[in-house]
>>> print(open('run-v2.cif').read())   # mmCIF, C-alpha atoms
data_start
loop_
_atom_site.label_atom_id
_atom_site.label_comp_id
_atom_site.auth_asym_id
_atom_site.auth_seq_id
_atom_site.Cartn_x
_atom_site.Cartn_y
_atom_site.Cartn_z
CA ALA D 28 136.00 151.97 134.57
CA PHE D 29 137.67 149.02 132.98
CA GLN D 30 136.86 148.04 129.43
CA VAL D 31 137.83 144.66 128.04
CA THR D 32 138.22 144.43 124.30
CA SER D 33 138.86 141.33 122.32
CA GLY D 34 139.57 140.84 118.68
CA ALA D 35 137.99 137.38 118.67
CA PRO D 36 134.50 137.16 117.13
CA PRO D 37 131.65 136.40 119.54
CA ALA D 38 130.99 132.71 120.03
CA THR D 39 127.93 131.41 118.24
CA SER D 40 126.17 128.17 119.09
CA SER D 41 125.62 125.87 116.16
CA ARG D 42 122.45 123.80 116.19
CA PRO D 43 122.24 120.48 114.37
CA SER D 44 119.86 120.33 111.46
CA THR D 45 116.51 118.70 112.16
CA LYS D 46 115.63 118.17 108.49
CA LEU D 47 114.47 114.64 107.81
CA TYR D 48 115.42 112.48 104.86
CA GLU D 49 113.97 109.18 103.70
CA ASN D 50 117.53 107.89 103.33
CA PHE D 51 118.23 108.88 106.98
CA GLY D 52 121.00 111.21 105.79
CA PHE D 53 123.45 108.44 104.93
CA ASP D 54 125.75 109.17 102.01
CA PHE D 55 125.66 105.58 100.78
CA ALA D 56 121.84 105.40 100.74
CA GLU D 57 119.82 106.07 97.62
CA ASP D 58 118.50 109.58 97.08
CA GLN D 59 114.71 109.36 96.79
CA VAL D 60 114.57 112.57 94.77
CA GLU D 61 116.77 111.03 92.06
CA ASN D 62 115.15 107.59 91.80
CA THR D 63 111.48 108.44 92.48
CA PRO D 64 109.15 110.04 89.93
CA GLN D 65 107.98 113.45 91.10
CA ILE D 66 104.34 112.42 90.70
CA ILE D 67 104.64 109.93 93.60
CA LEU D 68 107.36 111.63 95.62
CA GLY D 69 106.07 112.21 99.13
CA GLU D 70 103.01 110.87 100.92
CA ALA D 71 100.60 113.53 99.67
CA ASN D 72 101.60 113.10 96.00
CA TYR D 73 101.48 109.31 96.31
CA LYS D 74 97.95 109.33 97.76
CA LYS D 75 96.80 111.72 95.04
CA TRP D 76 98.28 109.51 92.32
CA VAL D 77 96.74 106.33 93.76
CA ASN D 78 93.36 108.04 93.97
CA GLY D 79 93.62 108.94 90.28
CA VAL D 80 94.42 105.35 89.32
CA ASP D 81 91.68 103.74 91.42
CA PRO D 82 89.24 105.95 93.34
CA ASN D 83 88.13 102.90 95.36
CA ASN D 84 91.64 102.11 96.59
CA MET D 85 92.36 100.91 100.13
CA LEU D 86 94.78 103.77 100.80
CA ASN D 87 92.21 106.55 100.53
CA ARG D 88 89.05 104.57 101.21
CA GLN D 89 86.82 105.83 104.02
CA TYR D 90 84.47 103.79 106.16
CA PRO D 91 80.87 104.40 104.94
CA LEU D 92 79.66 105.66 108.28
CA LEU D 93 76.23 107.02 107.37
CA SER D 94 75.31 104.19 105.03
CA ARG D 95 76.24 101.54 107.63
CA VAL D 96 74.20 103.33 110.29
CA ARG D 97 71.23 103.25 107.92
CA GLU D 98 71.79 99.61 106.87
CA LEU D 99 72.03 98.40 110.47
CA GLY D 100 68.96 100.41 111.47
CA LEU D 101 70.76 101.95 114.44
CA LEU D 102 68.49 104.99 114.66
CA GLU D 103 65.39 102.79 114.80
CA LYS D 104 66.96 100.52 117.44
CA THR D 105 68.01 103.56 119.49
CA ALA D 106 64.42 104.83 119.42
CA GLU D 107 62.96 101.40 120.23
CA LEU D 108 65.21 101.00 123.26
CA GLY D 109 64.44 104.52 124.44
CA VAL D 110 68.11 105.44 124.81
CA LEU D 111 67.52 109.19 124.37
CA SER D 112 64.68 109.30 126.87
CA LYS D 113 66.77 107.34 129.35
CA LEU D 114 69.62 109.81 128.91
CA GLU D 115 67.22 112.66 129.66
CA LYS D 116 66.05 110.74 132.73
CA GLN D 117 69.66 110.61 133.89
CA GLY D 118 69.95 114.38 133.47
CA LEU D 119 71.52 114.73 130.01
CA THR D 120 69.06 117.11 128.40
CA LEU D 121 69.65 119.14 125.24
CA GLU D 122 70.28 122.25 127.33
CA LYS D 123 72.83 120.40 129.45
CA ALA D 124 74.58 119.11 126.31
CA GLU D 125 74.87 122.67 125.01
CA GLU D 126 76.41 123.75 128.31
CA LEU D 127 79.03 120.99 128.03
CA LEU D 128 80.30 122.14 124.61
CA PRO D 129 82.40 125.07 125.92
CA VAL D 130 83.88 122.78 128.57
CA LEU D 131 84.85 120.20 125.96
CA GLU D 132 86.41 122.95 123.85
CA GLU D 133 88.46 124.19 126.81
CA LEU D 134 89.69 120.65 127.45
CA GLY D 135 90.71 120.35 123.80
CA VAL D 136 88.36 117.45 123.08
CA LEU D 137 86.64 119.11 120.13
CA SER D 138 89.97 120.17 118.61
CA LEU D 139 91.31 116.65 119.06
CA VAL D 140 88.31 115.22 117.21
CA ALA D 141 88.59 117.79 114.41
CA ASN D 142 92.29 117.09 113.89
CA ASN D 143 91.87 113.29 113.83
CA GLN D 144 88.80 112.82 111.66
CA GLN D 145 90.43 110.27 109.37
CA LEU D 146 91.56 108.13 112.31
CA LEU D 147 88.17 108.32 113.97
CA ILE D 148 86.23 107.50 110.80
CA ASN D 149 88.41 104.56 109.73
CA GLY D 150 89.53 103.36 113.17
CA VAL D 151 86.97 104.05 115.87
CA ALA D 152 83.75 104.33 113.86
CA PRO D 153 83.82 100.76 112.43
CA LEU D 154 84.19 99.30 115.93
CA ALA D 155 81.42 101.46 117.36
CA VAL D 156 78.96 101.11 114.48
CA GLU D 157 79.43 97.40 113.76
CA GLY D 158 79.22 96.55 117.46
CA ALA D 159 76.28 98.87 118.12
CA PRO D 160 73.53 96.24 117.54
CA LEU D 161 74.96 94.24 120.46
CA LEU D 162 75.97 97.19 122.61
CA LEU D 163 72.78 99.26 122.41
CA PRO D 164 70.67 96.88 124.56
CA VAL D 165 73.48 96.74 127.14
CA VAL D 166 73.78 100.54 127.20
CA ALA D 167 70.01 100.92 127.49
CA GLY D 168 69.93 98.51 130.43
CA ALA D 169 72.81 100.32 132.12
CA LEU D 170 71.04 103.66 131.71
CA ASP D 171 68.01 102.21 133.48
CA ILE D 172 70.19 101.54 136.51
CA GLY D 173 72.32 104.66 136.31
CA ALA D 174 75.88 105.42 137.38
CA PRO D 175 76.35 102.26 139.54
CA ALA D 176 75.99 100.07 136.44
CA PHE D 177 78.88 101.86 134.73
CA PHE D 178 81.04 101.73 137.86
CA LEU D 179 80.32 98.01 138.10
CA GLY D 180 81.32 97.55 134.47
CA ALA D 181 84.56 99.46 135.04
CA ALA D 182 85.40 97.33 138.07
CA GLY D 183 84.58 94.16 136.14
CA ALA D 184 86.84 95.07 133.20
CA ALA D 185 89.73 96.03 135.49
CA GLY D 186 89.19 92.95 137.64
CA LEU D 187 89.20 90.65 134.63
CA ASP D 188 92.49 92.10 133.42
CA ALA D 189 94.00 91.75 136.90
CA TYR D 190 92.87 88.10 137.02
CA LEU D 191 94.44 87.38 133.63
CA PHE D 192 97.73 88.86 134.81
CA ALA D 193 97.65 86.94 138.10
CA SER D 194 96.76 83.61 136.49
CA GLY D 195 99.44 83.93 133.79
CA VAL D 196 97.08 82.99 130.96
CA GLU D 197 98.62 83.28 127.51
CA VAL D 198 97.00 83.99 124.16
CA PRO D 199 96.98 80.82 122.03
CA PHE D 200 99.33 80.60 119.03
CA ILE D 201 101.27 83.77 119.89
CA GLY D 202 102.24 82.98 123.48
CA LEU D 203 101.83 86.54 124.80
CA PRO D 204 100.31 87.22 128.22
CA ALA D 205 96.54 87.56 127.89
CA GLY D 206 96.52 90.26 130.55
CA GLY D 207 98.82 92.44 128.46
CA VAL D 208 97.05 91.86 125.15
CA LEU D 209 93.46 92.16 126.39
CA GLY D 210 94.55 94.94 128.72
CA LEU D 211 94.89 97.17 125.67
CA VAL D 212 91.10 96.98 125.48
CA LEU D 213 90.03 96.28 129.06
CA ILE D 214 91.94 99.08 130.76
CA PRO D 215 90.75 101.86 128.40
CA LEU D 216 87.24 100.39 128.62
CA SER D 217 87.31 100.49 132.41
CA VAL D 218 88.48 104.12 132.32
CA VAL D 219 85.74 105.11 129.88
CA LEU D 220 83.05 103.36 131.92
CA ALA D 221 84.27 105.00 135.12
CA VAL D 222 84.27 108.44 133.48
CA VAL D 223 80.77 107.90 132.07
CA GLY D 224 79.54 106.73 135.46
CA GLY D 225 81.02 109.79 137.14
CA ALA D 226 79.50 112.08 134.51
CA ILE D 227 76.06 110.53 134.95
CA GLY D 228 76.37 110.87 138.70
CA ASN D 229 77.22 114.56 138.36
CA LEU D 230 74.32 115.12 135.98
CA LYS D 231 71.91 113.63 138.49
CA ASN D 232 73.25 115.97 141.16
#
>>> encode(input="run-v2.cif", output="structure tokens")
Amino acid sequence: AFQVTSGAPPATSSRPSTKLYENFGFDFAEDQVENTPQIILGEANYKKWVNGVDPNNMLNRQYPLLSRVRELGLLEKTAELGVLSKLEKQGLTLEKAEELLPVLEELGVLSLVANNQQLLINGVAPLAVEGAPLLLPVVAGALDIGAPAFFLGAAGAAGLDAYLFASGVEVPFIGLPAGGVLGLVLIPLSVVLAVVGGAIGNLKN
């Protein structure tokens, strides 16, 4: 048998450092550790310090979800419109909702919600809660019709965005295409409506 020996050390692959710096690693940039007080160095320390100075600051403020729901009387309006009974009529009973929880967990939906609570409370909740007085009657009417109403809404939102693109309408003052700007809302809305319509259709089956 042949044996090859070499006095050279084995080659090792060197990996570049992935450590991040606020000065982007440039030698000529200021070192944040040297010119920043430790009490506000880093996002977590800064938020803690701001909260100590003013507990009602904009940085750490949360949308008052429960109080706004109570002030707008959303629970009473939901009961008056019979939204829950209409959902049960469409097949979404309490037992069916319990059966869907493991499916949502497998899809990662519940984990996604748990890991993004701050974004949901301060980003999504204000839009949903403040718009609920106008949306609840529309939702109640759609539930009376069933899945076709949601499919029609999805087609309408997508069609409107397609029309805006085709007509070349621009948003006043900023000059951007209206199809692109409103599409950020219309396209996700059409997807959500289509998914809800499909889910209602499956529940009925």
>>> closest_residue(input="run-v2.cif", among="D:Tyr190, D:Asn142, D:Ala185, D:Gly225", to="Val212 (chain D)", atoms="only C-alpha atoms")
D:Ala185
>>> residues_near_point(input="run-v2.cif", point="(80.7, 101.1, 112.4)", cutoff="12 Å", atoms="all atoms listed in the file", output="PyMOL selection string")
chain D and resi 89-101+147-160+162
>>> residues_near_point(input="run-v2.cif", point="(88.2, 96.5, 131.7)", cutoff="12 Å", atoms="only C-alpha atoms", output="ChimeraX atom specification")
/D:177-191,206-221
>>> write_last_selection(input="run-v2.cif", atoms="C-alpha atoms", output="short mmCIF file (atom, residue, chain, number, x, y, z; two decimals), in the frame of the given file")
data_model
loop_
_atom_site.label_atom_id
_atom_site.label_comp_id
_atom_site.auth_asym_id
_atom_site.auth_seq_id
_atom_site.Cartn_x
_atom_site.Cartn_y
_atom_site.Cartn_z
CA PHE D 177 78.88 101.86 134.73
CA PHE D 178 81.04 101.73 137.86
CA LEU D 179 80.32 98.01 138.10
CA GLY D 180 81.32 97.55 134.47
CA ALA D 181 84.56 99.46 135.04
CA ALA D 182 85.40 97.33 138.07
CA GLY D 183 84.58 94.16 136.14
CA ALA D 184 86.84 95.07 133.20
CA ALA D 185 89.73 96.03 135.49
CA GLY D 186 89.19 92.95 137.64
CA LEU D 187 89.20 90.65 134.63
CA ASP D 188 92.49 92.10 133.42
CA ALA D 189 94.00 91.75 136.90
CA TYR D 190 92.87 88.10 137.02
CA LEU D 191 94.44 87.38 133.63
CA GLY D 206 96.52 90.26 130.55
CA GLY D 207 98.82 92.44 128.46
CA VAL D 208 97.05 91.86 125.15
CA LEU D 209 93.46 92.16 126.39
CA GLY D 210 94.55 94.94 128.72
CA LEU D 211 94.89 97.17 125.67
CA VAL D 212 91.10 96.98 125.48
CA LEU D 213 90.03 96.28 129.06
CA ILE D 214 91.94 99.08 130.76
CA PRO D 215 90.75 101.86 128.40
CA LEU D 216 87.24 100.39 128.62
CA SER D 217 87.31 100.49 132.41
CA VAL D 218 88.48 104.12 132.32
CA VAL D 219 85.74 105.11 129.88
CA LEU D 220 83.05 103.36 131.92
CA ALA D 221 84.27 105.00 135.12
#
>>> atom_distance(input="run-v2.cif", atom1="CA of Leu114 (chain D)", atom2="CA of Ile227 (chain D)")
8.9 Å
>>> residues_around(input="run-v2.cif", residues="Pro164 (chain D)", least_positions_apart="4", cutoff="9 Å", atoms="all atoms listed in the file", output="PDB file with C-alpha atoms, keeping the file's coordinate frame")
ATOM      1  CA  LYS D 104      66.960 100.520 117.440  1.00  0.00           C
ATOM      2  CA  THR D 105      68.010 103.560 119.490  1.00  0.00           C
ATOM      3  CA  LEU D 108      65.210 101.000 123.260  1.00  0.00           C
ATOM      4  CA  VAL D 110      68.110 105.440 124.810  1.00  0.00           C
ATOM      5  CA  ALA D 159      76.280  98.870 118.120  1.00  0.00           C
ATOM      6  CA  PRO D 160      73.530  96.240 117.540  1.00  0.00           C
ATOM      7  CA  GLY D 168      69.930  98.510 130.430  1.00  0.00           C
ATOM      8  CA  ALA D 169      72.810 100.320 132.120  1.00  0.00           C
TER       9      ALA D 169
END
>>> atom_distance(input="run-v2.cif", atom1="CA of Lys74 (chain D)", atom2="CA of Val140 (chain D)")
22.5 Å
>>> atom_distance(input="run-v2.cif", atom1="CA of Ala141 (chain D)", atom2="CA of Tyr73 (chain D)")
23.8 Å
>>> resolve_selection(input="run-v2.cif", expression="the PyMOL selection byres ((chain D and resi 111) around 12)", output="ChimeraX atom specification")
/D:102-110,112-121,163,166-167,170-171
>>> write_last_selection(input="run-v2.cif", atoms="C-alpha atoms", output="mmCIF file, in the coordinates of the input")
data_model
loop_
_atom_site.group_PDB
_atom_site.id
_atom_site.type_symbol
_atom_site.label_atom_id
_atom_site.label_comp_id
_atom_site.auth_asym_id
_atom_site.auth_seq_id
_atom_site.Cartn_x
_atom_site.Cartn_y
_atom_site.Cartn_z
ATOM 1 C CA LEU D 102 68.490 104.990 114.660
ATOM 2 C CA GLU D 103 65.390 102.790 114.800
ATOM 3 C CA LYS D 104 66.960 100.520 117.440
ATOM 4 C CA THR D 105 68.010 103.560 119.490
ATOM 5 C CA ALA D 106 64.420 104.830 119.420
ATOM 6 C CA GLU D 107 62.960 101.400 120.230
ATOM 7 C CA LEU D 108 65.210 101.000 123.260
ATOM 8 C CA GLY D 109 64.440 104.520 124.440
ATOM 9 C CA VAL D 110 68.110 105.440 124.810
ATOM 10 C CA SER D 112 64.680 109.300 126.870
ATOM 11 C CA LYS D 113 66.770 107.340 129.350
ATOM 12 C CA LEU D 114 69.620 109.810 128.910
ATOM 13 C CA GLU D 115 67.220 112.660 129.660
ATOM 14 C CA LYS D 116 66.050 110.740 132.730
ATOM 15 C CA GLN D 117 69.660 110.610 133.890
ATOM 16 C CA GLY D 118 69.950 114.380 133.470
ATOM 17 C CA LEU D 119 71.520 114.730 130.010
ATOM 18 C CA THR D 120 69.060 117.110 128.400
ATOM 19 C CA LEU D 121 69.650 119.140 125.240
ATOM 20 C CA LEU D 163 72.780 99.260 122.410
ATOM 21 C CA VAL D 166 73.780 100.540 127.200
ATOM 22 C CA ALA D 167 70.010 100.920 127.490
ATOM 23 C CA LEU D 170 71.040 103.660 131.710
ATOM 24 C CA ASP D 171 68.010 102.210 133.480
#
